[in-house]
Structure formats: C-alpha cells, structure tokens
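Dropping final.pdb in here (PDB, C-alpha atoms and all ligand atoms):
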```
MODEL        1
ATOM      1  CA  MET B   1      -7.231  -1.979  24.954
ATOM      2  CA  ALA B   2      -8.767  -3.948  22.128
ATOM      3  CA  ARG B   3      -8.595  -7.584  21.154
ATOM      4  CA  ILE B   4      -7.389  -7.491  17.544
ATOM      5  CA  GLY B   5      -7.042 -10.204  14.916
ATOM      6  CA  PHE B   6      -4.272  -9.375  12.420
ATOM      7  CA  ILE B   7      -4.042 -11.408   9.210
ATOM      8  CA  GLY B   8      -1.125 -10.948   6.789
ATOM      9  CA  LEU B   9       2.220 -10.278   8.489
ATOM     10  CA  GLY B  10       4.421  -9.600   5.461
ATOM     11  CA  ASN B  11       6.652  -6.616   4.711
ATOM     12  CA  MET B  12       3.911  -4.176   5.689
ATOM     13  CA  GLY B  13       1.671  -6.142   8.063
ATOM     14  CA  GLY B  14       4.583  -7.282  10.254
ATOM     15  CA  GLY B  15       5.464  -3.724  11.284
ATOM     16  CA  MET B  16       1.838  -2.654  11.605
ATOM     17  CA  ALA B  17       0.915  -5.567  13.907
ATOM     18  CA  ALA B  18       4.033  -4.838  15.991
ATOM     19  CA  ASN B  19       2.912  -1.232  16.473
ATOM     20  CA  LEU B  20      -0.552  -2.324  17.635
ATOM     21  CA  ALA B  21       1.059  -4.682  20.158
ATOM     22  CA  LYS B  22       3.425  -1.893  21.258
ATOM     23  CA  ALA B  23       0.396   0.334  21.901
ATOM     24  CA  GLY B  24      -0.816  -2.307  24.376
ATOM     25  CA  HIS B  25      -3.436  -4.109  22.292
ATOM     26  CA  ASP B  26      -4.000  -7.861  22.491
ATOM     27  CA  VAL B  27      -2.962  -8.837  18.953
ATOM     28  CA  ARG B  28      -3.712 -12.380  17.707
ATOM     29  CA  ALA B  29      -1.740 -12.684  14.505
ATOM     30  CA  PHE B  30      -1.807 -15.089  11.566
ATOM     31  CA  ASP B  31       0.155 -15.551   8.354
ATOM     32  CA  LEU B  32       0.745 -18.545   6.082
ATOM     33  CA  SER B  33       4.492 -18.092   6.640
ATOM     34  CA  GLN B  34       6.088 -19.543   9.773
ATOM     35  CA  GLU B  35       8.879 -16.956   9.682
ATOM     36  CA  ALA B  36       6.344 -14.144   9.687
ATOM     37  CA  LEU B  37       4.583 -15.738  12.668
ATOM     38  CA  GLU B  38       7.871 -15.996  14.543
ATOM     39  CA  ARG B  39       8.683 -12.326  13.862
ATOM     40  CA  ALA B  40       5.206 -11.368  15.124
ATOM     41  CA  ARG B  41       5.741 -13.369  18.311
ATOM     42  CA  LYS B  42       9.030 -11.541  18.949
ATOM     43  CA  ALA B  43       7.201  -8.244  18.391
ATOM     44  CA  GLY B  44       4.691  -8.976  21.155
ATOM     45  CA  CYS B  45       1.804 -10.525  19.188
ATOM     46  CA  LEU B  46       0.242 -13.908  19.918
ATOM     47  CA  PRO B  47       0.667 -16.138  16.834
ATOM     48  CA  THR B  48      -2.346 -18.326  15.986
ATOM     49  CA  GLU B  49      -2.622 -21.504  13.925
ATOM     50  CA  SER B  50      -5.286 -20.159  11.561
ATOM     51  CA  ALA B  51      -6.876 -16.949  10.346
ATOM     52  CA  ARG B  52     -10.068 -18.096  12.045
ATOM     53  CA  ALA B  53      -8.315 -18.386  15.405
ATOM     54  CA  ALA B  54      -6.939 -14.856  14.995
ATOM     55  CA  ALA B  55     -10.396 -13.433  14.264
ATOM     56  CA  GLU B  56     -12.262 -15.447  16.911
ATOM     57  CA  GLY B  57     -14.096 -13.007  19.209
ATOM     58  CA  ALA B  58     -11.979 -10.067  17.972
ATOM     59  CA  GLU B  59     -13.328  -6.524  18.328
ATOM     60  CA  ALA B  60     -11.268  -5.524  15.293
ATOM     61  CA  VAL B  61      -9.749  -7.522  12.431
ATOM     62  CA  VAL B  62      -6.958  -5.988  10.351
ATOM     63  CA  THR B  63      -5.985  -7.566   7.019
ATOM     64  CA  MET B  64      -2.783  -6.740   5.075
ATOM     65  CA  LEU B  65      -2.862  -9.211   2.188
ATOM     66  CA  PRO B  66      -1.642  -9.221  -1.425
ATOM     67  CA  ALA B  67      -4.888  -8.634  -3.361
ATOM     68  CA  GLY B  68      -8.687  -8.507  -3.354
ATOM     69  CA  GLN B  69      -9.217 -12.256  -3.789
ATOM     70  CA  HIS B  70      -7.169 -12.998  -0.657
ATOM     71  CA  VAL B  71      -9.155 -10.527   1.442
ATOM     72  CA  ALA B  72     -12.494 -11.837   0.129
ATOM     73  CA  GLN B  73     -11.500 -15.431   0.889
ATOM     74  CA  VAL B  74     -10.257 -14.619   4.389
ATOM     75  CA  TYR B  75     -13.416 -12.617   5.192
ATOM     76  CA  GLU B  76     -15.680 -15.442   3.943
ATOM     77  CA  GLU B  77     -13.809 -18.324   5.557
ATOM     78  CA  ALA B  78     -12.343 -16.837   8.700
ATOM     79  CA  VAL B  79     -13.950 -13.545   9.706
ATOM     80  CA  PHE B  80     -17.693 -13.440   8.984
ATOM     81  CA  GLY B  81     -19.539 -15.180  11.817
ATOM     82  CA  VAL B  82     -16.270 -15.484  13.766
ATOM     83  CA  ALA B  83     -15.352 -11.928  14.828
ATOM     84  CA  ALA B  84     -17.304 -10.410  17.757
ATOM     85  CA  PRO B  85     -20.724  -8.924  16.866
ATOM     86  CA  GLY B  86     -20.299  -5.277  15.775
ATOM     87  CA  ALA B  87     -16.527  -5.720  15.258
ATOM     88  CA  VAL B  88     -14.744  -3.363  12.874
ATOM     89  CA  LEU B  89     -12.966  -4.887   9.872
ATOM     90  CA  ILE B  90     -10.017  -2.840   8.635
ATOM     91  CA  ASP B  91      -8.574  -3.885   5.288
ATOM     92  CA  SER B  92      -5.313  -2.047   4.654
ATOM     93  CA  SER B  93      -4.300  -4.125   1.594
ATOM     94  CA  THR B  94      -4.288  -2.326  -1.746
ATOM     95  CA  ILE B  95      -7.197  -3.912  -3.623
ATOM     96  CA  ASP B  96      -9.694  -2.990  -6.340
ATOM     97  CA  VAL B  97     -12.447  -0.512  -5.567
ATOM     98  CA  ALA B  98     -15.245  -2.891  -6.645
ATOM     99  CA  THR B  99     -14.149  -5.682  -4.267
ATOM    100  CA  ALA B 100     -13.714  -3.178  -1.406
ATOM    101  CA  ARG B 101     -17.313  -2.014  -1.893
ATOM    102  CA  GLN B 102     -18.660  -5.587  -2.101
ATOM    103  CA  LEU B 103     -16.823  -6.605   1.073
ATOM    104  CA  ALA B 104     -18.131  -3.570   2.993
ATOM    105  CA  GLU B 105     -21.663  -4.432   1.890
ATOM    106  CA  ALA B 106     -21.273  -8.071   2.929
ATOM    107  CA  ALA B 107     -19.816  -7.052   6.315
ATOM    108  CA  THR B 108     -22.651  -4.598   6.975
ATOM    109  CA  ALA B 109     -25.204  -7.300   6.147
ATOM    110  CA  LYS B 110     -23.571  -9.461   8.841
ATOM    111  CA  GLY B 111     -23.814  -6.700  11.466
ATOM    112  CA  LEU B 112     -20.126  -5.740  11.252
ATOM    113  CA  LEU B 113     -18.453  -2.395  10.551
ATOM    114  CA  ALA B 114     -15.927  -2.214   7.726
ATOM    115  CA  VAL B 115     -13.409   0.231   6.310
ATOM    116  CA  ASP B 116     -11.018   0.030   3.399
ATOM    117  CA  ALA B 117      -7.870   1.730   4.695
ATOM    118  CA  PRO B 118      -4.987   1.409   2.202
ATOM    119  CA  VAL B 119      -1.725   3.081   3.079
ATOM    120  CA  SER B 120       1.061   5.221   1.750
ATOM    121  CA  GLY B 121       4.491   5.253   3.386
ATOM    122  CA  GLY B 122       6.011   1.900   2.458
ATOM    123  CA  ILE B 123       7.811  -0.665   4.586
ATOM    124  CA  ALA B 124       9.759   1.975   6.537
ATOM    125  CA  GLY B 125       6.513   3.811   7.389
ATOM    126  CA  ALA B 126       4.866   0.544   8.483
ATOM    127  CA  ALA B 127       7.780  -0.218  10.825
ATOM    128  CA  ALA B 128       8.012   3.323  12.213
ATOM    129  CA  GLY B 129       4.235   3.750  12.617
ATOM    130  CA  THR B 130       4.200   6.765  10.301
ATOM    131  CA  LEU B 131       1.874   5.511   7.541
ATOM    132  CA  THR B 132      -0.809   7.649   5.919
ATOM    133  CA  PHE B 133      -4.195   5.890   5.900
ATOM    134  CA  MET B 134      -6.830   6.821   3.329
ATOM    135  CA  VAL B 135     -10.083   5.477   4.672
ATOM    136  CA  GLY B 136     -13.406   4.587   3.054
ATOM    137  CA  GLY B 137     -16.465   3.694   5.106
ATOM    138  CA  SER B 138     -19.379   5.035   7.128
ATOM    139  CA  GLU B 139     -18.857   7.635   9.874
ATOM    140  CA  GLU B 140     -19.516   4.924  12.460
ATOM    141  CA  ALA B 141     -16.986   2.507  10.949
ATOM    142  CA  PHE B 142     -14.402   5.285  10.590
ATOM    143  CA  ALA B 143     -14.854   6.307  14.247
ATOM    144  CA  ALA B 144     -14.343   2.685  15.363
ATOM    145  CA  ALA B 145     -11.229   2.211  13.209
ATOM    146  CA  GLN B 146      -9.568   5.579  13.809
ATOM    147  CA  PRO B 147      -7.857   4.938  17.191
ATOM    148  CA  LEU B 148      -6.306   1.715  15.878
ATOM    149  CA  LEU B 149      -5.149   3.359  12.655
ATOM    150  CA  GLN B 150      -3.644   6.160  14.724
ATOM    151  CA  ALA B 151      -1.453   3.583  16.505
ATOM    152  CA  MET B 152      -0.017   2.535  13.116
ATOM    153  CA  GLY B 153       0.231   5.870  11.305
ATOM    154  CA  LYS B 154       0.702   9.592  11.488
ATOM    155  CA  ALA B 155      -2.151  10.675   9.210
ATOM    156  CA  VAL B 156      -5.624   9.145   9.055
ATOM    157  CA  ILE B 157      -7.905  10.711   6.461
ATOM    158  CA  HIS B 158     -11.563   9.853   5.956
ATOM    159  CA  ALA B 159     -11.907   9.853   2.155
ATOM    160  CA  GLY B 160     -15.651   9.069   1.947
ATOM    161  CA  GLY B 161     -17.932   6.026   1.846
ATOM    162  CA  ALA B 162     -16.956   2.388   1.209
ATOM    163  CA  GLY B 163     -14.283   2.071  -1.490
ATOM    164  CA  ALA B 164     -13.217   5.744  -1.253
ATOM    165  CA  GLY B 165      -9.891   4.819   0.388
ATOM    166  CA  GLN B 166      -9.018   2.451  -2.471
ATOM    167  CA  ALA B 167     -10.177   5.055  -5.002
ATOM    168  CA  ALA B 168      -7.850   7.645  -3.420
ATOM    169  CA  LYS B 169      -4.948   5.181  -3.382
ATOM    170  CA  ALA B 170      -5.487   4.197  -7.060
ATOM    171  CA  CYS B 171      -5.684   7.831  -8.209
ATOM    172  CA  ASN B 172      -2.676   8.877  -6.110
ATOM    173  CA  ASN B 173      -0.473   6.054  -7.360
ATOM    174  CA  MET B 174      -1.538   6.547 -10.976
ATOM    175  CA  LEU B 175      -0.388  10.154 -10.614
ATOM    176  CA  LEU B 176       2.836   9.028  -8.931
ATOM    177  CA  GLY B 177       3.640   6.487 -11.681
ATOM    178  CA  ALA B 178       3.073   9.073 -14.416
ATOM    179  CA  THR B 179       5.080  11.837 -12.687
ATOM    180  CA  MET B 180       7.968   9.477 -11.965
ATOM    181  CA  ILE B 181       8.226   8.472 -15.625
ATOM    182  CA  ALA B 182       7.943  12.109 -16.737
ATOM    183  CA  THR B 183      10.647  13.112 -14.237
ATOM    184  CA  CYS B 184      12.947  10.312 -15.421
ATOM    185  CA  GLU B 185      12.571  11.179 -19.089
ATOM    186  CA  ALA B 186      13.183  14.868 -18.354
ATOM    187  CA  PHE B 187      16.456  13.986 -16.582
ATOM    188  CA  VAL B 188      17.520  11.718 -19.471
ATOM    189  CA  LEU B 189      16.787  14.420 -22.035
ATOM    190  CA  ALA B 190      18.405  17.164 -19.911
ATOM    191  CA  GLU B 191      21.604  15.159 -19.710
ATOM    192  CA  ARG B 192      21.652  14.420 -23.449
ATOM    193  CA  LEU B 193      21.232  18.150 -24.042
ATOM    194  CA  GLY B 194      24.347  18.762 -21.961
ATOM    195  CA  LEU B 195      22.768  19.838 -18.659
ATOM    196  CA  ASP B 196      24.300  18.756 -15.371
ATOM    197  CA  PRO B 197      21.652  16.683 -13.452
ATOM    198  CA  GLN B 198      22.209  18.662 -10.229
ATOM    199  CA  THR B 199      21.752  21.939 -12.100
ATOM    200  CA  PHE B 200      18.574  20.668 -13.750
ATOM    201  CA  TYR B 201      17.319  19.482 -10.331
ATOM    202  CA  ASP B 202      17.991  22.896  -8.771
ATOM    203  CA  ILE B 203      16.172  24.681 -11.582
ATOM    204  CA  SER B 204      13.210  22.300 -11.933
ATOM    205  CA  SER B 205      12.697  21.906  -8.160
ATOM    206  CA  ALA B 206      12.218  25.674  -7.988
ATOM    207  CA  SER B 207      10.161  25.856 -11.190
ATOM    208  CA  SER B 208       6.842  24.635 -12.556
ATOM    209  CA  GLY B 209       8.169  21.107 -13.320
ATOM    210  CA  GLN B 210       8.494  20.445  -9.589
ATOM    211  CA  SER B 211       6.808  17.346  -8.127
ATOM    212  CA  TRP B 212       7.342  14.844  -5.298
ATOM    213  CA  SER B 213       9.001  12.486  -7.821
ATOM    214  CA  MET B 214      11.519  15.215  -8.603
ATOM    215  CA  THR B 215      12.175  16.981  -5.307
ATOM    216  CA  THR B 216      11.683  14.299  -2.645
ATOM    217  CA  TYR B 217      12.327  11.045  -4.527
ATOM    218  CA  CYS B 218      14.788  12.123  -7.203
ATOM    219  CA  PRO B 219      15.556   9.177  -9.552
ATOM    220  CA  VAL B 220      19.155  10.315 -10.215
ATOM    221  CA  PRO B 221      21.897   9.106  -7.810
ATOM    222  CA  GLY B 222      23.692  11.814  -5.865
ATOM    223  CA  VAL B 223      21.064  14.448  -6.599
ATOM    224  CA  GLY B 224      18.549  15.738  -4.013
ATOM    225  CA  PRO B 225      17.862  14.004  -0.678
ATOM    226  CA  GLU B 226      18.920  10.367  -0.136
ATOM    227  CA  THR B 227      16.619   8.039  -2.108
ATOM    228  CA  PRO B 228      16.722   4.441  -3.446
ATOM    229  CA  ALA B 229      18.613   5.868  -6.468
ATOM    230  CA  ASP B 230      21.557   6.291  -4.074
ATOM    231  CA  HIS B 231      21.381   2.576  -3.208
ATOM    232  CA  ASP B 232      21.362   1.094  -6.700
ATOM    233  CA  TYR B 233      17.539   1.374  -6.714
ATOM    234  CA  GLN B 234      17.167  -1.200  -3.929
ATOM    235  CA  GLY B 235      14.595  -0.839  -1.122
ATOM    236  CA  GLY B 236      11.813   1.700  -1.529
ATOM    237  CA  PHE B 237       8.692   0.870  -3.555
ATOM    238  CA  ALA B 238       9.068  -2.126  -5.887
ATOM    239  CA  ALA B 239       8.198  -1.599  -9.553
ATOM    240  CA  ALA B 240       5.981  -4.739  -9.416
ATOM    241  CA  LEU B 241       3.798  -3.036  -6.786
ATOM    242  CA  MET B 242       3.626   0.146  -8.848
ATOM    243  CA  LEU B 243       2.497  -1.949 -11.829
ATOM    244  CA  LYS B 244      -0.132  -3.643  -9.649
ATOM    245  CA  ASP B 245      -1.450  -0.256  -8.493
ATOM    246  CA  LEU B 246      -1.527   1.144 -12.029
ATOM    247  CA  ARG B 247      -3.553  -1.854 -13.173
ATOM    248  CA  LEU B 248      -5.990  -1.329 -10.294
ATOM    249  CA  ALA B 249      -6.333   2.318 -11.357
ATOM    250  CA  LEU B 250      -6.985   1.288 -14.981
ATOM    251  CA  ASP B 251      -9.614  -1.247 -13.861
ATOM    252  CA  ALA B 252     -11.312   1.458 -11.799
ATOM    253  CA  ALA B 253     -11.123   3.876 -14.751
ATOM    254  CA  SER B 254     -12.661   1.367 -17.110
ATOM    255  CA  GLY B 255     -15.434   0.599 -14.581
ATOM    256  CA  ALA B 256     -16.167   4.339 -14.332
ATOM    257  CA  ASN B 257     -15.862   4.814 -18.126
ATOM    258  CA  VAL B 258     -13.056   7.355 -17.745
ATOM    259  CA  ASP B 259     -10.172   7.711 -20.193
ATOM    260  CA  THR B 260      -6.767   7.881 -18.438
ATOM    261  CA  PRO B 261      -4.192   7.941 -21.259
ATOM    262  CA  MET B 262      -1.225   8.868 -19.044
ATOM    263  CA  GLY B 263      -2.098   6.148 -16.556
ATOM    264  CA  ALA B 264      -2.407   3.646 -19.422
ATOM    265  CA  ARG B 265       1.004   4.605 -20.832
ATOM    266  CA  ALA B 266       2.581   4.443 -17.363
ATOM    267  CA  ALA B 267       1.198   0.902 -16.963
ATOM    268  CA  GLU B 268       2.664  -0.104 -20.365
ATOM    269  CA  LEU B 269       6.091   1.269 -19.457
ATOM    270  CA  TYR B 270       6.138  -0.314 -15.991
ATOM    271  CA  GLY B 271       4.920  -3.548 -17.639
ATOM    272  CA  SER B 272       8.002  -3.472 -19.912
ATOM    273  CA  PHE B 273      10.312  -2.628 -17.005
ATOM    274  CA  VAL B 274       8.975  -5.540 -14.943
ATOM    275  CA  ALA B 275       9.186  -7.912 -17.952
ATOM    276  CA  GLN B 276      12.843  -6.899 -18.359
ATOM    277  CA  GLY B 277      13.642  -7.999 -14.801
ATOM    278  CA  GLY B 278      12.835  -4.800 -12.878
ATOM    279  CA  ALA B 279      10.065  -6.256 -10.666
ATOM    280  CA  GLY B 280      12.012  -6.013  -7.401
ATOM    281  CA  THR B 281      13.774  -2.764  -8.287
ATOM    282  CA  ASP B 282      12.542   0.507  -6.807
ATOM    283  CA  PHE B 283      10.069   2.127  -9.210
ATOM    284  CA  SER B 284      12.401   5.100  -9.819
ATOM    285  CA  GLY B 285      14.826   2.588 -11.419
ATOM    286  CA  ILE B 286      12.726   2.850 -14.594
ATOM    287  CA  ILE B 287      15.105   5.709 -15.473
ATOM    288  CA  ARG B 288      17.637   3.051 -16.522
ATOM    289  CA  MET B 289      15.230   1.574 -19.061
ATOM    290  CA  LEU B 290      14.323   5.032 -20.388
ATOM    291  CA  ASP B 291      18.017   5.937 -20.611
ATOM    292  CA  ARG B 292      18.800   2.788 -22.597
ATOM    293  CA  GLN B 293      16.009   3.506 -25.049
ATOM    294  CA  GLY B 294      17.636   6.823 -26.033
TER     295      GLY B 294
HETATM  296  P1  LIG B 301       3.875  -9.254   1.383
HETATM  297  O1  LIG B 301       3.821 -10.186   0.228
HETATM  298  O2  LIG B 301       5.195  -8.955   2.017
HETATM  299  O3  LIG B 301       2.875  -9.740   2.539
HETATM  300  C1  LIG B 301       1.658 -10.368   2.320
HETATM  301  C2  LIG B 301       1.540 -11.453   3.377
HETATM  302  O4  LIG B 301       0.245 -12.042   3.288
HETATM  303  C3  LIG B 301       2.560 -12.580   3.211
HETATM  304  O5  LIG B 301       3.317 -12.705   4.413
HETATM  305  C4  LIG B 301       1.705 -13.826   2.937
HETATM  306  O6  LIG B 301       2.232 -15.002   3.509
HETATM  307  C5  LIG B 301       0.404 -13.423   3.602
HETATM  308  N1  LIG B 301      -0.780 -14.139   3.118
HETATM  309  C6  LIG B 301      -1.204 -14.333   1.846
HETATM  310  N2  LIG B 301      -2.370 -15.016   1.840
HETATM  311  C7  LIG B 301      -2.698 -15.233   3.141
HETATM  312  C8  LIG B 301      -3.779 -15.872   3.791
HETATM  313  N3  LIG B 301      -4.767 -16.431   3.094
HETATM  314  N4  LIG B 301      -3.788 -15.915   5.140
HETATM  315  C9  LIG B 301      -2.782 -15.359   5.853
HETATM  316  N5  LIG B 301      -1.718 -14.741   5.299
HETATM  317  C10 LIG B 301      -1.688 -14.679   3.957
HETATM  318  O7  LIG B 301       3.193  -7.891   0.859
HETATM  319  P2  LIG B 301       3.308  -6.433   1.523
HETATM  320  O8  LIG B 301       4.434  -5.685   0.870
HETATM  321  O9  LIG B 301       3.233  -6.554   2.999
HETATM  322  O10 LIG B 301       1.956  -5.779   0.963
HETATM  323  C11 LIG B 301       0.694  -6.068   1.529
HETATM  324  C12 LIG B 301      -0.324  -5.134   0.897
HETATM  325  O11 LIG B 301       0.082  -3.772   1.122
HETATM  326  C13 LIG B 301      -0.453  -5.297  -0.623
HETATM  327  O12 LIG B 301      -1.799  -5.165  -0.983
HETATM  328  C14 LIG B 301       0.405  -4.157  -1.173
HETATM  329  O13 LIG B 301      -0.013  -3.745  -2.459
HETATM  330  C15 LIG B 301       0.161  -3.091  -0.122
HETATM  331  N6  LIG B 301       1.212  -2.061  -0.004
HETATM  332  C16 LIG B 301       2.525  -2.429   0.005
HETATM  333  C17 LIG B 301       3.501  -1.439   0.123
HETATM  334  C18 LIG B 301       4.974  -1.789   0.154
HETATM  335  O14 LIG B 301       5.807  -0.875   0.050
HETATM  336  N7  LIG B 301       5.338  -3.059   0.326
HETATM  337  C19 LIG B 301       3.124  -0.087   0.251
HETATM  338  C20 LIG B 301       1.775   0.243   0.284
HETATM  339  C21 LIG B 301       0.823  -0.766   0.145
ENDMDL
END
```
For this file, write the structure as structure tokens.
Amino acid sequence: MARIGFIGLGNMGGGMAANLAKAGHDVRAFDLSQEALERARKAGCLPTESARAAAEGAEAVVTMLPAGQHVAQVYEEAVFGVAAPGAVLIDSSTIDVATARQLAEAATAKGLLAVDAPVSGGIAGAAAGTLTFMVGGSEEAFAAAQPLLQAMGKAVIHAGGAGAGQAAKACNNMLLGATMIATCEAFVLAERLGLDPQTFYDISSASSGQSWSMTTYCPVPGVGPETPADHDYQGGFAAALMLKDLRLALDAASGANVDTPMGARAAELYGSFVAQGGAGTDFSGIIRMLDRQG
C-alpha cells in the first residue's frame, strides 16, 4: 500500500481521499479548511498541518485544487524536493492545458513522474469512487498512477502525453455546455409551439437530436430519469464550474488558433446566467434564463 499525500479536500477531493484510505493506503491529507481536515480524519486519512507535511516522503501526491495557479504554487512550495524521489504527481483539478504541460515538464526535470488526470462524474462520483479519469502523461507515469486512480474511479483512460487529459476534459465540457444550451432552447421552442415536453423528449430521444444532455440529464422537471431539474436545479454540476471549463476550452482554442464559435457562444450565455445569480445552480438551470428571454 502506498504512502500518499492528498492536497485539496473540498467537494471532490474529500471523497477521493476517503476512497484511497478505504483501499488501505496511508493518506496524509491537507486542506486550508479545518472542516475539510476534520472530515478527512473521520474518513480514515491522517490530517497534516501543511501541504509540505502531506507530501513529505510520499510515493504519490494527489492534488484536487480550484485552478492552475493553486496547483503550480503547491507544487513549487510543497511538493518539489519534498516528495520521495521518483514519486508520481497526480493532478486531478481541472486546469488549463498550458499549465498542465509546464508542471509535467518541471516535475520531470526534478526526477518525478507526473500526470494530469481531470475527472468527470461530479461530487457523487467522487464519493462513490465511480469517477472517469482522463489522463495525460508518459507511459511510465500513467502506469504508476493507474492503480491509485482505479481506487477512486471506474474508468481510467490514457488520453496521450502531458496535458492530454486536460485537453480531453476541455473539449468534452465545451461540447456538453453547447449541447445543454441547444437542448434547453429546443424544449423552450417545442413548448411554445404547443408540444408536450414529455412527447418531445420521447421523440427526440429516439431521433437524431438525441444527446446525453437530452436523454440522461434532461433539463425539464418530471421528464426522463431523475436529474437536478427535479430538485429545483440544486446539486449536480454548478453553472460557475461549467463557465470555468468553457473559459479553459476557449483559452486552449485561442492558444491552438482554432475557432470554436459554439463554445464561445456557450461561454457568453453561461456568463450571463452566472451574472444573473445562477452560479450555484446546476448548469441545466440555464433553461430558466432561456425561457424568460422568449
Ligand atoms: P472545492 O472548492 O470544493 O475544493 C477545493 C479545495 O481546495 C477547498 O477545500 C480549498 O480549501 C482547497 N484549497 C485551495 N487552495 C489550497 C491550498 N493552497 N492548499 C490546500 N488546499 C487548498 O472545489 P471542488 O468542487 O472539489 O473542485 C476541485 C477541482 O475539481 C476543480 O478544479 C474543479 O473544477 C474540478 N471538478 C469539480 C467538479 C464538481 O462537480 N465539483 C467536477 C469535476 C471537476
């Protein structure tokens, strides 16, 4: 069993660290929040007083932090020169592709292995250990990270070299943001044209308009499987995080000189939704804004 440093025990990291401890690993955990540290202790981790103490001598360091600048700072100040020689660094935060590549390069230069391993599956998936990991890094780094990722998820996919996991996450969530908006506006229009939402769902789910946003995560209450729409758009995936991911995708697109007009429009619309108070609402709640605009 491995000695693991885990830094960032929030909504996602808390459940992930708990699953590593449950699998029998020695998890030294750190977060700036005392409550998060207390939850980690109850879940079988050993809370530490600093990120450095968590990473000290660790064979693996997992980070689950808000953004690229937090990961870069933690690596610089608390992980490089502190983790065991040859340790594998697993960053599961959603961050920009450019920073992920720079951090992998810096880690390699220090004799460490590194993967970017962002996730899909949300808070429920983190708690249940059913996340999907999309992983960027060398074959050697992927092989070192894989057994630990397996303890926190149900699917672990090697996407390519450093940064490929973040690239996959950015592209996937750009697609998700655009299809959710398109699904919402189709439901709004269908209703205004006199169609019953359930009838439109039945037809579109079995037709060429079908998508995950329609069939699995339907934004209309009472239609399709149970989703955040059935709980007043609470829980699920916050619109603020969708906006963050869309902006990361647009940054990556501009760095690669690629035009992504649908992604750009999705970011504008989620920007408006967040500005109107929707930040903590599930991202499918944007249907309310689109409905009002009619
Ligand atoms: P969160 O805000 O709940 O947790 C982040 C944690 O990091 C907080 O507990 C905070 O105290 C801690 N932190 C910040 N700076 C720190 C530092 N320097 N040292 C130690 N701890 C520090 O966020 P979250 O929802 O857990 O998301 C974490 C990452 O996962 C983000 O990059 C997010 O985009 C991504 N993500 C979130 C979801 C989701 O549904 N919440 C889904 C997929 C991916």
task = List all protein, DNA and RNA residues that have an atom no more than 6 Å from any atom of ligand LIG 301 (chain B), counting all atoms listed in the file, and report them as a VMD selection string.
result = chain B and resid 7 to 13 30 to 33 64 to 67 70 74 93 to 94 119 to 120 122 to 123 237 241
request  = Can you turn the PyMOL selection byres (((chain B and resi 155-168) around 6) and not hetatm) into a concrete residue list for this file, as a list of chain:residue names?
outcome  = B:Val97, B:Ala100, B:Arg101, B:Asp116, B:Ala117, B:Thr132, B:Phe133, B:Met134, B:Val135, B:Gly136, B:Gly137, B:Ser138, B:Gly153, B:Lys154, B:Lys169, B:Ala170, B:Cys171, B:Asn172
Selected residues, C-alpha atoms, written as a PDB file, keeping the file's coordinate frame, please.
```pdb
ATOM      1  CA  VAL B  97     -12.447  -0.512  -5.567  1.00  0.00           C
ATOM      2  CA  ALA B 100     -13.714  -3.178  -1.406  1.00  0.00           C
ATOM      3  CA  ARG B 101     -17.313  -2.014  -1.893  1.00  0.00           C
ATOM      4  CA  ASP B 116     -11.018   0.030   3.399  1.00  0.00           C
ATOM      5  CA  ALA B 117      -7.870   1.730   4.695  1.00  0.00           C
ATOM      6  CA  THR B 132      -0.809   7.649   5.919  1.00  0.00           C
ATOM      7  CA  PHE B 133      -4.195   5.890   5.900  1.00  0.00           C
ATOM      8  CA  MET B 134      -6.830   6.821   3.329  1.00  0.00           C
ATOM      9  CA  VAL B 135     -10.083   5.477   4.672  1.00  0.00           C
ATOM     10  CA  GLY B 136     -13.406   4.587   3.054  1.00  0.00           C
ATOM     11  CA  GLY B 137     -16.465   3.694   5.106  1.00  0.00           C
ATOM     12  CA  SER B 138     -19.379   5.035   7.128  1.00  0.00           C
ATOM     13  CA  GLY B 153       0.231   5.870  11.305  1.00  0.00           C
ATOM     14  CA  LYS B 154       0.702   9.592  11.488  1.00  0.00           C
ATOM     15  CA  LYS B 169      -4.948   5.181  -3.382  1.00  0.00           C
ATOM     16  CA  ALA B 170      -5.487   4.197  -7.060  1.00  0.00           C
ATOM     17  CA  CYS B 171      -5.684   7.831  -8.209  1.00  0.00           C
ATOM     18  CA  ASN B 172      -2.676   8.877  -6.110  1.00  0.00           C
TER      19      ASN B 172
END
```
inquiry  = What would the selection look like, as a PyMOL selection string, if the PyMOL selection byres (((chain B and resi 174) around 12) and not hetatm) were run on the coordinates I just shared?
reply    = chain B and resi 167-173+175-181+241-253+260-267+270
request  = Apply the PyMOL selection byres (((chain B and resi 112) around 8) and not hetatm) to the structure shown and report the selected residues as a ChimeraX atom specification.
outcome  = /B:85-89,107-111,113-114
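You will find atom CA of B:Val61 at 27.3 Å from atom CA of B:Gly236.
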key: Minimum-distance residue to B:Val62, chosen among B:Gly271, B:Gly278, B:Gly5, B:Gly222 (using all atoms listed in the file)   =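 For B:Val62, the nearest of the given residues is B:Gly5.
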query = For B:Ile286, which residue among B:Asp91, B:Glu268, B:Asp202, B:Glu35 is the nearest when counting all atoms listed in the file?
reply = B:Glu268
